[in-house]
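Text of work-v3.cif, listed as mmCIF, N, CA, C and O atoms:
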data_model
loop_
_atom_site.label_atom_id
_atom_site.label_comp_id
_atom_site.auth_asym_id
_atom_site.auth_seq_id
_atom_site.Cartn_x
_atom_site.Cartn_y
_atom_site.Cartn_z
N MET A 156 80.48 80.10 162.82
CA MET A 156 81.74 80.56 162.30
C MET A 156 82.40 79.50 161.42
O MET A 156 83.13 79.81 160.52
N LEU A 157 82.12 78.23 161.68
CA LEU A 157 82.74 77.18 160.89
C LEU A 157 81.80 76.65 159.80
O LEU A 157 81.91 75.51 159.38
N ILE A 158 80.91 77.50 159.34
CA ILE A 158 80.02 77.14 158.23
C ILE A 158 80.56 77.83 156.98
O ILE A 158 80.92 79.00 157.03
N TRP A 159 80.64 77.10 155.86
CA TRP A 159 81.16 77.70 154.65
C TRP A 159 80.48 77.12 153.43
O TRP A 159 79.80 76.11 153.48
N THR A 160 80.68 77.81 152.30
CA THR A 160 80.20 77.36 151.01
C THR A 160 81.42 77.09 150.15
O THR A 160 82.32 77.91 150.06
N ASP A 161 81.45 75.92 149.53
CA ASP A 161 82.57 75.53 148.68
C ASP A 161 82.10 75.61 147.23
O ASP A 161 81.19 74.90 146.82
N ASP A 162 82.72 76.50 146.48
CA ASP A 162 82.41 76.65 145.06
C ASP A 162 83.57 76.02 144.29
O ASP A 162 84.72 76.41 144.47
N ALA A 163 83.29 74.99 143.49
CA ALA A 163 84.35 74.28 142.80
C ALA A 163 84.03 74.14 141.31
O ALA A 163 82.88 73.99 140.93
N VAL A 164 85.08 74.22 140.50
CA VAL A 164 84.93 74.07 139.04
C VAL A 164 85.88 72.97 138.59
O VAL A 164 87.09 73.02 138.85
N TRP A 165 85.33 71.97 137.93
CA TRP A 165 86.10 70.84 137.42
C TRP A 165 86.50 71.12 135.98
O TRP A 165 85.68 71.50 135.15
N GLU A 166 87.77 70.92 135.66
CA GLU A 166 88.28 71.05 134.29
C GLU A 166 88.66 69.67 133.80
O GLU A 166 89.67 69.10 134.24
N ASN A 167 87.85 69.11 132.94
CA ASN A 167 88.03 67.75 132.47
C ASN A 167 89.35 67.57 131.72
O ASN A 167 90.03 66.56 131.91
N ASP A 168 89.72 68.55 130.87
CA ASP A 168 90.94 68.42 130.06
C ASP A 168 92.20 68.30 130.92
O ASP A 168 93.11 67.55 130.58
N SER A 169 92.25 69.05 132.02
CA SER A 169 93.45 69.03 132.86
C SER A 169 93.27 68.18 134.12
O SER A 169 94.19 68.11 134.94
N THR A 170 92.12 67.54 134.26
CA THR A 170 91.76 66.76 135.45
C THR A 170 92.11 67.52 136.74
O THR A 170 92.75 67.01 137.64
N THR A 171 91.65 68.76 136.77
CA THR A 171 91.92 69.65 137.89
C THR A 171 90.62 70.26 138.39
O THR A 171 89.74 70.60 137.60
N CYS A 172 90.52 70.39 139.69
CA CYS A 172 89.39 71.05 140.31
C CYS A 172 89.91 72.31 141.01
O CYS A 172 90.83 72.24 141.83
N HIS A 173 89.36 73.46 140.66
CA HIS A 173 89.70 74.72 141.31
C HIS A 173 88.58 75.04 142.29
O HIS A 173 87.40 74.97 141.92
N PHE A 174 88.93 75.38 143.53
CA PHE A 174 87.89 75.67 144.50
C PHE A 174 88.10 77.00 145.19
O PHE A 174 89.21 77.53 145.25
N ASN A 175 87.00 77.53 145.69
CA ASN A 175 86.97 78.77 146.43
C ASN A 175 86.02 78.53 147.61
O ASN A 175 84.86 78.21 147.40
N ILE A 176 86.54 78.64 148.81
CA ILE A 176 85.72 78.42 150.00
C ILE A 176 85.35 79.78 150.59
O ILE A 176 86.24 80.60 150.87
N ILE A 177 84.07 79.98 150.77
CA ILE A 177 83.56 81.25 151.31
C ILE A 177 82.94 80.97 152.66
O ILE A 177 82.01 80.17 152.77
N THR A 178 83.47 81.60 153.68
CA THR A 178 82.94 81.40 155.03
C THR A 178 81.72 82.30 155.26
O THR A 178 81.59 83.34 154.63
N ASN A 179 80.85 81.87 156.14
CA ASN A 179 79.68 82.69 156.49
C ASN A 179 80.02 83.71 157.57
O ASN A 179 79.17 84.47 157.99
N TYR A 180 81.27 83.71 158.02
CA TYR A 180 81.71 84.62 159.06
C TYR A 180 82.74 85.58 158.48
O TYR A 180 83.76 85.16 157.95
N GLN A 181 82.48 86.86 158.54
CA GLN A 181 83.38 87.89 158.04
C GLN A 181 83.89 87.54 156.64
O GLN A 181 85.08 87.38 156.40
N VAL A 182 82.94 87.48 155.72
CA VAL A 182 83.21 87.01 154.35
C VAL A 182 84.38 87.73 153.70
O VAL A 182 85.21 87.10 153.04
N GLU A 183 84.48 89.04 153.88
CA GLU A 183 85.54 89.79 153.21
C GLU A 183 86.91 89.56 153.83
O GLU A 183 87.93 89.86 153.24
N ASP A 184 86.95 89.04 155.04
CA ASP A 184 88.20 88.93 155.78
C ASP A 184 88.85 87.55 155.72
O ASP A 184 90.01 87.41 156.08
N ILE A 185 88.12 86.53 155.28
CA ILE A 185 88.66 85.17 155.27
C ILE A 185 88.47 84.59 153.86
O ILE A 185 87.37 84.58 153.33
N HIS A 186 89.58 84.14 153.26
CA HIS A 186 89.53 83.57 151.92
C HIS A 186 90.30 82.25 151.89
O HIS A 186 91.34 82.12 152.53
N CYS A 187 89.80 81.31 151.12
CA CYS A 187 90.51 80.05 150.91
C CYS A 187 90.30 79.64 149.46
O CYS A 187 89.16 79.46 149.02
N ILE A 188 91.38 79.55 148.72
CA ILE A 188 91.32 79.12 147.33
C ILE A 188 92.35 78.02 147.12
O ILE A 188 93.31 77.91 147.87
N GLY A 189 92.13 77.21 146.10
CA GLY A 189 93.10 76.17 145.83
C GLY A 189 92.72 75.29 144.66
O GLY A 189 91.74 75.54 143.96
N THR A 190 93.52 74.25 144.49
CA THR A 190 93.29 73.30 143.40
C THR A 190 93.53 71.88 143.90
O THR A 190 94.28 71.64 144.84
N ILE A 191 92.85 70.97 143.23
CA ILE A 191 93.07 69.54 143.43
C ILE A 191 93.35 68.97 142.04
O ILE A 191 92.54 69.13 141.12
N LYS A 192 94.50 68.34 141.89
CA LYS A 192 94.94 67.83 140.60
C LYS A 192 95.02 66.31 140.65
O LYS A 192 95.57 65.74 141.59
N PHE A 193 94.42 65.66 139.66
CA PHE A 193 94.44 64.21 139.53
C PHE A 193 95.37 63.84 138.38
O PHE A 193 95.18 64.31 137.26
N GLU A 194 96.38 62.98 138.65
CA GLU A 194 97.34 62.58 137.63
C GLU A 194 97.54 61.07 137.66
O GLU A 194 97.55 60.47 138.74
N GLU A 195 97.74 60.50 136.51
CA GLU A 195 98.03 59.07 136.43
C GLU A 195 99.38 58.80 137.08
O GLU A 195 100.32 59.58 136.94
N ALA A 196 99.45 57.69 137.80
CA ALA A 196 100.71 57.30 138.45
C ALA A 196 100.89 55.79 138.32
O ALA A 196 99.95 55.07 137.98
N ALA A 197 102.08 55.32 138.62
CA ALA A 197 102.41 53.90 138.60
C ALA A 197 101.97 53.23 137.30
O ALA A 197 101.33 52.19 137.30
N LYS A 198 102.30 53.88 136.19
CA LYS A 198 101.99 53.36 134.86
C LYS A 198 100.51 53.02 134.70
O LYS A 198 100.15 51.98 134.16
N GLY A 199 99.65 53.92 135.19
CA GLY A 199 98.21 53.74 135.02
C GLY A 199 97.54 52.88 136.07
O GLY A 199 96.34 52.66 136.02
N LYS A 200 98.28 52.38 137.05
CA LYS A 200 97.70 51.51 138.07
C LYS A 200 97.15 52.29 139.27
O LYS A 200 96.46 51.72 140.10
N SER A 201 97.48 53.56 139.35
CA SER A 201 96.97 54.37 140.46
C SER A 201 96.87 55.84 140.02
O SER A 201 97.24 56.19 138.90
N THR A 202 96.37 56.63 140.93
CA THR A 202 96.19 58.06 140.66
C THR A 202 96.87 58.86 141.76
O THR A 202 96.69 58.58 142.94
N ARG A 203 97.64 59.84 141.34
CA ARG A 203 98.26 60.77 142.29
C ARG A 203 97.31 61.96 142.41
O ARG A 203 96.91 62.55 141.42
N ILE A 204 96.94 62.29 143.64
CA ILE A 204 96.05 63.42 143.89
C ILE A 204 96.82 64.45 144.69
O ILE A 204 97.32 64.16 145.78
N THR A 205 96.93 65.64 144.13
CA THR A 205 97.70 66.71 144.77
C THR A 205 96.75 67.85 145.14
O THR A 205 95.99 68.33 144.30
N TYR A 206 96.82 68.23 146.40
CA TYR A 206 96.00 69.33 146.91
C TYR A 206 96.92 70.50 147.21
O TYR A 206 97.98 70.33 147.81
N SER A 207 96.54 71.69 146.78
CA SER A 207 97.27 72.89 147.18
C SER A 207 96.27 74.01 147.38
O SER A 207 95.26 74.09 146.68
N GLY A 208 96.54 74.83 148.35
CA GLY A 208 95.61 75.92 148.63
C GLY A 208 96.22 76.98 149.51
O GLY A 208 97.29 76.80 150.08
N VAL A 209 95.52 78.09 149.58
CA VAL A 209 95.96 79.22 150.40
C VAL A 209 94.78 79.68 151.24
O VAL A 209 93.69 79.95 150.73
N LEU A 210 95.01 79.74 152.54
CA LEU A 210 94.01 80.27 153.48
C LEU A 210 94.53 81.61 153.97
O LEU A 210 95.64 81.71 154.47
N THR A 211 93.72 82.67 153.79
CA THR A 211 94.11 84.01 154.19
C THR A 211 93.09 84.56 155.17
O THR A 211 91.89 84.55 154.90
N ILE A 212 93.58 85.03 156.30
CA ILE A 212 92.71 85.69 157.28
C ILE A 212 93.28 87.09 157.50
O ILE A 212 94.42 87.24 157.93
N LYS A 213 92.50 88.10 157.15
CA LYS A 213 92.94 89.48 157.30
C LYS A 213 92.42 90.07 158.60
O LYS A 213 91.26 89.88 158.94
N LYS A 214 93.27 90.78 159.28
CA LYS A 214 92.84 91.51 160.46
C LYS A 214 92.50 92.93 159.99
O LYS A 214 93.36 93.65 159.49
N THR A 215 91.23 93.30 160.09
CA THR A 215 90.78 94.61 159.63
C THR A 215 90.10 95.36 160.77
O THR A 215 89.90 94.82 161.85
N ALA A 216 89.73 96.60 160.49
CA ALA A 216 89.05 97.41 161.49
C ALA A 216 87.72 96.76 161.90
O ALA A 216 87.27 96.91 163.03
N ARG A 217 87.11 96.03 160.98
CA ARG A 217 85.83 95.37 161.28
C ARG A 217 86.01 94.11 162.12
O ARG A 217 85.07 93.63 162.74
N SER A 218 87.21 93.56 162.10
CA SER A 218 87.46 92.32 162.84
C SER A 218 87.27 92.53 164.33
O SER A 218 87.53 93.60 164.87
N SER A 219 86.90 91.48 164.98
CA SER A 219 86.74 91.49 166.43
C SER A 219 88.07 91.80 167.10
O SER A 219 89.13 91.47 166.58
N ILE A 220 88.03 92.39 168.28
CA ILE A 220 89.27 92.66 169.02
C ILE A 220 89.95 91.36 169.42
O ILE A 220 91.12 91.36 169.77
N PHE A 221 89.21 90.27 169.33
CA PHE A 221 89.79 88.96 169.67
C PHE A 221 90.63 88.39 168.54
O PHE A 221 91.28 87.37 168.72
N MET A 222 90.59 89.03 167.37
CA MET A 222 91.33 88.53 166.22
C MET A 222 92.81 88.94 166.32
O MET A 222 93.35 89.60 165.45
N THR A 223 93.45 88.57 167.38
CA THR A 223 94.87 88.84 167.56
C THR A 223 95.67 87.84 166.72
O THR A 223 95.12 86.86 166.22
N GLY A 224 96.95 88.07 166.60
CA GLY A 224 97.80 87.15 165.84
C GLY A 224 97.71 85.73 166.35
O GLY A 224 97.67 84.79 165.57
N PHE A 225 97.66 85.56 167.66
CA PHE A 225 97.56 84.23 168.27
C PHE A 225 96.26 83.54 167.86
O PHE A 225 96.26 82.37 167.47
N ILE A 226 95.15 84.26 167.94
CA ILE A 226 93.84 83.70 167.58
C ILE A 226 93.79 83.38 166.09
O ILE A 226 93.30 82.33 165.68
N ILE A 227 94.33 84.28 165.26
CA ILE A 227 94.34 84.05 163.82
C ILE A 227 95.12 82.78 163.49
O ILE A 227 94.68 81.95 162.69
N LYS A 228 96.27 82.58 164.13
CA LYS A 228 97.05 81.36 163.90
C LYS A 228 96.27 80.12 164.32
O LYS A 228 96.32 79.08 163.65
N GLY A 229 95.51 80.22 165.41
CA GLY A 229 94.68 79.10 165.86
C GLY A 229 93.59 78.78 164.85
O GLY A 229 93.33 77.61 164.54
N ILE A 230 92.94 79.83 164.33
CA ILE A 230 91.89 79.64 163.32
C ILE A 230 92.49 79.00 162.07
O ILE A 230 91.91 78.07 161.49
N GLU A 231 93.65 79.47 161.65
CA GLU A 231 94.31 78.89 160.48
C GLU A 231 94.61 77.41 160.69
O GLU A 231 94.40 76.60 159.80
N ALA A 232 95.08 77.07 161.89
CA ALA A 232 95.41 75.67 162.17
C ALA A 232 94.16 74.79 162.14
O ALA A 232 94.18 73.71 161.54
N VAL A 233 93.08 75.26 162.76
CA VAL A 233 91.83 74.48 162.77
C VAL A 233 91.28 74.34 161.36
O VAL A 233 90.90 73.24 160.92
N ALA A 234 91.22 75.45 160.61
CA ALA A 234 90.67 75.41 159.26
C ALA A 234 91.51 74.51 158.36
O ALA A 234 90.97 73.71 157.59
N SER A 235 92.83 74.62 158.47
CA SER A 235 93.70 73.77 157.65
C SER A 235 93.47 72.30 157.97
O SER A 235 93.42 71.46 157.06
N HIS A 236 93.32 71.98 159.24
CA HIS A 236 93.06 70.59 159.64
C HIS A 236 91.72 70.11 159.07
O HIS A 236 91.62 69.00 158.56
N LEU A 237 90.68 70.96 159.16
CA LEU A 237 89.36 70.57 158.65
C LEU A 237 89.40 70.33 157.15
O LEU A 237 88.83 69.36 156.65
N ILE A 238 90.07 71.22 156.42
CA ILE A 238 90.15 71.07 154.96
C ILE A 238 90.90 69.79 154.62
O ILE A 238 90.45 68.99 153.79
N GLU A 239 92.03 69.56 155.27
CA GLU A 239 92.82 68.36 155.02
C GLU A 239 92.03 67.09 155.36
O GLU A 239 92.02 66.11 154.60
N HIS A 240 91.33 67.11 156.49
CA HIS A 240 90.53 65.97 156.93
C HIS A 240 89.40 65.69 155.94
O HIS A 240 89.17 64.54 155.55
N ASN A 241 88.70 66.74 155.51
CA ASN A 241 87.61 66.57 154.55
C ASN A 241 88.13 66.07 153.21
O ASN A 241 87.50 65.25 152.56
N PHE A 242 89.29 66.57 152.80
CA PHE A 242 89.89 66.12 151.55
C PHE A 242 90.21 64.63 151.62
O PHE A 242 89.94 63.88 150.68
N ALA A 243 90.77 64.19 152.73
CA ALA A 243 91.07 62.76 152.91
C ALA A 243 89.80 61.92 152.82
O ALA A 243 89.81 60.82 152.25
N LYS A 244 88.70 62.41 153.40
CA LYS A 244 87.43 61.68 153.34
C LYS A 244 86.91 61.60 151.91
O LYS A 244 86.39 60.56 151.49
N VAL A 245 87.07 62.66 151.14
CA VAL A 245 86.64 62.65 149.73
C VAL A 245 87.44 61.62 148.95
O VAL A 245 86.89 60.82 148.18
N VAL A 246 88.76 61.61 149.14
CA VAL A 246 89.62 60.66 148.43
C VAL A 246 89.26 59.23 148.81
O VAL A 246 89.17 58.35 147.95
N LYS A 247 89.00 58.96 150.08
CA LYS A 247 88.62 57.62 150.53
C LYS A 247 87.30 57.19 149.88
O LYS A 247 87.16 56.07 149.41
N THR A 248 86.34 58.11 149.83
CA THR A 248 85.04 57.81 149.21
C THR A 248 85.20 57.53 147.73
O THR A 248 84.58 56.60 147.19
N LEU A 249 86.04 58.32 147.04
CA LEU A 249 86.30 58.07 145.62
C LEU A 249 86.89 56.69 145.42
O LEU A 249 86.48 55.94 144.53
N ASP A 250 87.85 56.33 146.25
CA ASP A 250 88.50 55.02 146.15
C ASP A 250 87.48 53.89 146.35
O ASP A 250 87.45 52.94 145.57
N GLU A 251 86.64 54.01 147.36
CA GLU A 251 85.63 52.99 147.61
C GLU A 251 84.62 52.90 146.48
O GLU A 251 84.21 51.79 146.09
N THR A 252 84.23 54.04 145.93
CA THR A 252 83.27 54.06 144.82
C THR A 252 83.86 53.38 143.58
O THR A 252 83.21 52.57 142.92
N ILE A 253 85.09 53.71 143.27
CA ILE A 253 85.75 53.11 142.10
C ILE A 253 85.90 51.60 142.27
O ILE A 253 85.64 50.83 141.35
N LYS A 254 86.32 51.17 143.45
CA LYS A 254 86.47 49.73 143.70
C LYS A 254 85.13 49.00 143.61
O LYS A 254 85.07 47.87 143.14
N ALA A 255 84.05 49.63 144.07
CA ALA A 255 82.73 49.00 144.05
C ALA A 255 82.21 48.85 142.62
O ALA A 255 81.44 47.94 142.32
N GLU A 256 82.65 49.75 141.72
CA GLU A 256 82.19 49.69 140.33
C GLU A 256 82.92 48.66 139.51
O GLU A 256 82.47 48.30 138.42
N LYS A 257 84.04 48.17 140.00
CA LYS A 257 84.84 47.19 139.23
C LYS A 257 84.25 45.81 139.32
O LYS A 257 83.60 45.35 140.13
#
If you took the structure in this file and wrote it as structure tokens, what would it be?
Amino acid sequence: MLIWTDDAVWENDSTTCHFNIITNYQVEDIHCIGTIKFEEAAKGKSTRITYSGVLTIKKTARSSIFMTGFIIKGIEAVASHLIEHNFAKVVKTLDETIKAEK
């Protein structure tokens, strides 16, 4: 249930990455889309990275009877934490890579 495919498109001109996360569980019922924006900050001495996204879980006739409001909120909390945690790891890796190249 926690396996997904991340489809991302980088736009060089706007330094923005648009992503769409597709879960392997109830594909039509769970959607996550968003953007990651990279902007110059501190007069070129650093980069501001802004993440925004929307996670949607629909309760449908196909959904399990366990997909109650309480369970859906729990899934949203876990997924949001995983996305945020993974994003932090990507930013840390980028920082280390850039520092190693200097």
Run DSSP on the backbone and tell me which residues of chain A come out as strand (DSSP E or B); list them as an MDAnalysis selection string. chainID A and resid 159:166 171:178 185:196 201:212
Mind writing the picked residues with N, CA, C and O atoms as a short mmCIF file (atom, residue, chain, number, x, y, z; two decimals), in the frame of the given file?
data_model
loop_
_atom_site.label_atom_id
_atom_site.label_comp_id
_atom_site.auth_asym_id
_atom_site.auth_seq_id
_atom_site.Cartn_x
_atom_site.Cartn_y
_atom_site.Cartn_z
N TRP A 159 80.64 77.10 155.86
CA TRP A 159 81.16 77.70 154.65
C TRP A 159 80.48 77.12 153.43
O TRP A 159 79.80 76.11 153.48
N THR A 160 80.68 77.81 152.30
CA THR A 160 80.20 77.36 151.01
C THR A 160 81.42 77.09 150.15
O THR A 160 82.32 77.91 150.06
N ASP A 161 81.45 75.92 149.53
CA ASP A 161 82.57 75.53 148.68
C ASP A 161 82.10 75.61 147.23
O ASP A 161 81.19 74.90 146.82
N ASP A 162 82.72 76.50 146.48
CA ASP A 162 82.41 76.65 145.06
C ASP A 162 83.57 76.02 144.29
O ASP A 162 84.72 76.41 144.47
N ALA A 163 83.29 74.99 143.49
CA ALA A 163 84.35 74.28 142.80
C ALA A 163 84.03 74.14 141.31
O ALA A 163 82.88 73.99 140.93
N VAL A 164 85.08 74.22 140.50
CA VAL A 164 84.93 74.07 139.04
C VAL A 164 85.88 72.97 138.59
O VAL A 164 87.09 73.02 138.85
N TRP A 165 85.33 71.97 137.93
CA TRP A 165 86.10 70.84 137.42
C TRP A 165 86.50 71.12 135.98
O TRP A 165 85.68 71.50 135.15
N GLU A 166 87.77 70.92 135.66
CA GLU A 166 88.28 71.05 134.29
C GLU A 166 88.66 69.67 133.80
O GLU A 166 89.67 69.10 134.24
N THR A 171 91.65 68.76 136.77
CA THR A 171 91.92 69.65 137.89
C THR A 171 90.62 70.26 138.39
O THR A 171 89.74 70.60 137.60
N CYS A 172 90.52 70.39 139.69
CA CYS A 172 89.39 71.05 140.31
C CYS A 172 89.91 72.31 141.01
O CYS A 172 90.83 72.24 141.83
N HIS A 173 89.36 73.46 140.66
CA HIS A 173 89.70 74.72 141.31
C HIS A 173 88.58 75.04 142.29
O HIS A 173 87.40 74.97 141.92
N PHE A 174 88.93 75.38 143.53
CA PHE A 174 87.89 75.67 144.50
C PHE A 174 88.10 77.00 145.19
O PHE A 174 89.21 77.53 145.25
N ASN A 175 87.00 77.53 145.69
CA ASN A 175 86.97 78.77 146.43
C ASN A 175 86.02 78.53 147.61
O ASN A 175 84.86 78.21 147.40
N ILE A 176 86.54 78.64 148.81
CA ILE A 176 85.72 78.42 150.00
C ILE A 176 85.35 79.78 150.59
O ILE A 176 86.24 80.60 150.87
N ILE A 177 84.07 79.98 150.77
CA ILE A 177 83.56 81.25 151.31
C ILE A 177 82.94 80.97 152.66
O ILE A 177 82.01 80.17 152.77
N THR A 178 83.47 81.60 153.68
CA THR A 178 82.94 81.40 155.03
C THR A 178 81.72 82.30 155.26
O THR A 178 81.59 83.34 154.63
N ILE A 185 88.12 86.53 155.28
CA ILE A 185 88.66 85.17 155.27
C ILE A 185 88.47 84.59 153.86
O ILE A 185 87.37 84.58 153.33
N HIS A 186 89.58 84.14 153.26
CA HIS A 186 89.53 83.57 151.92
C HIS A 186 90.30 82.25 151.89
O HIS A 186 91.34 82.12 152.53
N CYS A 187 89.80 81.31 151.12
CA CYS A 187 90.51 80.05 150.91
C CYS A 187 90.30 79.64 149.46
O CYS A 187 89.16 79.46 149.02
N ILE A 188 91.38 79.55 148.72
CA ILE A 188 91.32 79.12 147.33
C ILE A 188 92.35 78.02 147.12
O ILE A 188 93.31 77.91 147.87
N GLY A 189 92.13 77.21 146.10
CA GLY A 189 93.10 76.17 145.83
C GLY A 189 92.72 75.29 144.66
O GLY A 189 91.74 75.54 143.96
N THR A 190 93.52 74.25 144.49
CA THR A 190 93.29 73.30 143.40
C THR A 190 93.53 71.88 143.90
O THR A 190 94.28 71.64 144.84
N ILE A 191 92.85 70.97 143.23
CA ILE A 191 93.07 69.54 143.43
C ILE A 191 93.35 68.97 142.04
O ILE A 191 92.54 69.13 141.12
N LYS A 192 94.50 68.34 141.89
CA LYS A 192 94.94 67.83 140.60
C LYS A 192 95.02 66.31 140.65
O LYS A 192 95.57 65.74 141.59
N PHE A 193 94.42 65.66 139.66
CA PHE A 193 94.44 64.21 139.53
C PHE A 193 95.37 63.84 138.38
O PHE A 193 95.18 64.31 137.26
N GLU A 194 96.38 62.98 138.65
CA GLU A 194 97.34 62.58 137.63
C GLU A 194 97.54 61.07 137.66
O GLU A 194 97.55 60.47 138.74
N GLU A 195 97.74 60.50 136.51
CA GLU A 195 98.03 59.07 136.43
C GLU A 195 99.38 58.80 137.08
O GLU A 195 100.32 59.58 136.94
N ALA A 196 99.45 57.69 137.80
CA ALA A 196 100.71 57.30 138.45
C ALA A 196 100.89 55.79 138.32
O ALA A 196 99.95 55.07 137.98
N SER A 201 97.48 53.56 139.35
CA SER A 201 96.97 54.37 140.46
C SER A 201 96.87 55.84 140.02
O SER A 201 97.24 56.19 138.90
N THR A 202 96.37 56.63 140.93
CA THR A 202 96.19 58.06 140.66
C THR A 202 96.87 58.86 141.76
O THR A 202 96.69 58.58 142.94
N ARG A 203 97.64 59.84 141.34
CA ARG A 203 98.26 60.77 142.29
C ARG A 203 97.31 61.96 142.41
O ARG A 203 96.91 62.55 141.42
N ILE A 204 96.94 62.29 143.64
CA ILE A 204 96.05 63.42 143.89
C ILE A 204 96.82 64.45 144.69
O ILE A 204 97.32 64.16 145.78
N THR A 205 96.93 65.64 144.13
CA THR A 205 97.70 66.71 144.77
C THR A 205 96.75 67.85 145.14
O THR A 205 95.99 68.33 144.30
N TYR A 206 96.82 68.23 146.40
CA TYR A 206 96.00 69.33 146.91
C TYR A 206 96.92 70.50 147.21
O TYR A 206 97.98 70.33 147.81
N SER A 207 96.54 71.69 146.78
CA SER A 207 97.27 72.89 147.18
C SER A 207 96.27 74.01 147.38
O SER A 207 95.26 74.09 146.68
N GLY A 208 96.54 74.83 148.35
CA GLY A 208 95.61 75.92 148.63
C GLY A 208 96.22 76.98 149.51
O GLY A 208 97.29 76.80 150.08
N VAL A 209 95.52 78.09 149.58
CA VAL A 209 95.96 79.22 150.40
C VAL A 209 94.78 79.68 151.24
O VAL A 209 93.69 79.95 150.73
N LEU A 210 95.01 79.74 152.54
CA LEU A 210 94.01 80.27 153.48
C LEU A 210 94.53 81.61 153.97
O LEU A 210 95.64 81.71 154.47
N THR A 211 93.72 82.67 153.79
CA THR A 211 94.11 84.01 154.19
C THR A 211 93.09 84.56 155.17
O THR A 211 91.89 84.55 154.90
N ILE A 212 93.58 85.03 156.30
CA ILE A 212 92.71 85.69 157.28
C ILE A 212 93.28 87.09 157.50
O ILE A 212 94.42 87.24 157.93
#
For this file, the PyMOL selection byres ((chain A and resi 199-214) around 5) selects which residues, as a list of chain:residue names? A:Asp184, A:Ile185, A:His186, A:Cys187, A:Ile188, A:Gly189, A:Thr190, A:Ile191, A:Lys192, A:Phe193, A:Glu194, A:Glu195, A:Ala196, A:Ala197, A:Lys198, A:Thr215, A:Ala216
Report the residues of chain A whose backbone DSSP state falls under alpha helix (DSSP H), written as a VMD selection string. chain A and resid 224 to 256
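Going from CA of His173 (chain A) to CA of Glu231 (chain A) covers 20.2 Å.
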Under the PyMOL selection byres (((chain A and resi 159 and name CA) around 8) and name CA), which residues of this model are included? Write them out as a VMD selection string. chain A and resid 157 to 158 160 to 161 176 to 179
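Between CA of Val164 (chain A) and atom N of Glu251 (chain A) the interatomic distance comes to 21.8 Å.
The two atoms in question, CA of Ile227 (chain A) and atom C of Asp162 (chain A), are spaced 23.7 Å apart.
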Please report, as AutoDock Vina command-line options, the centre and edge lengths in Å to one decimal of an axis-aligned box covering all listed atoms of region 156-167 of chain A with 8 Å per side.
--center_x 84.9 --center_y 73.6 --center_z 147.3 --size_x 26.2 --size_y 30.0 --size_z 47.1
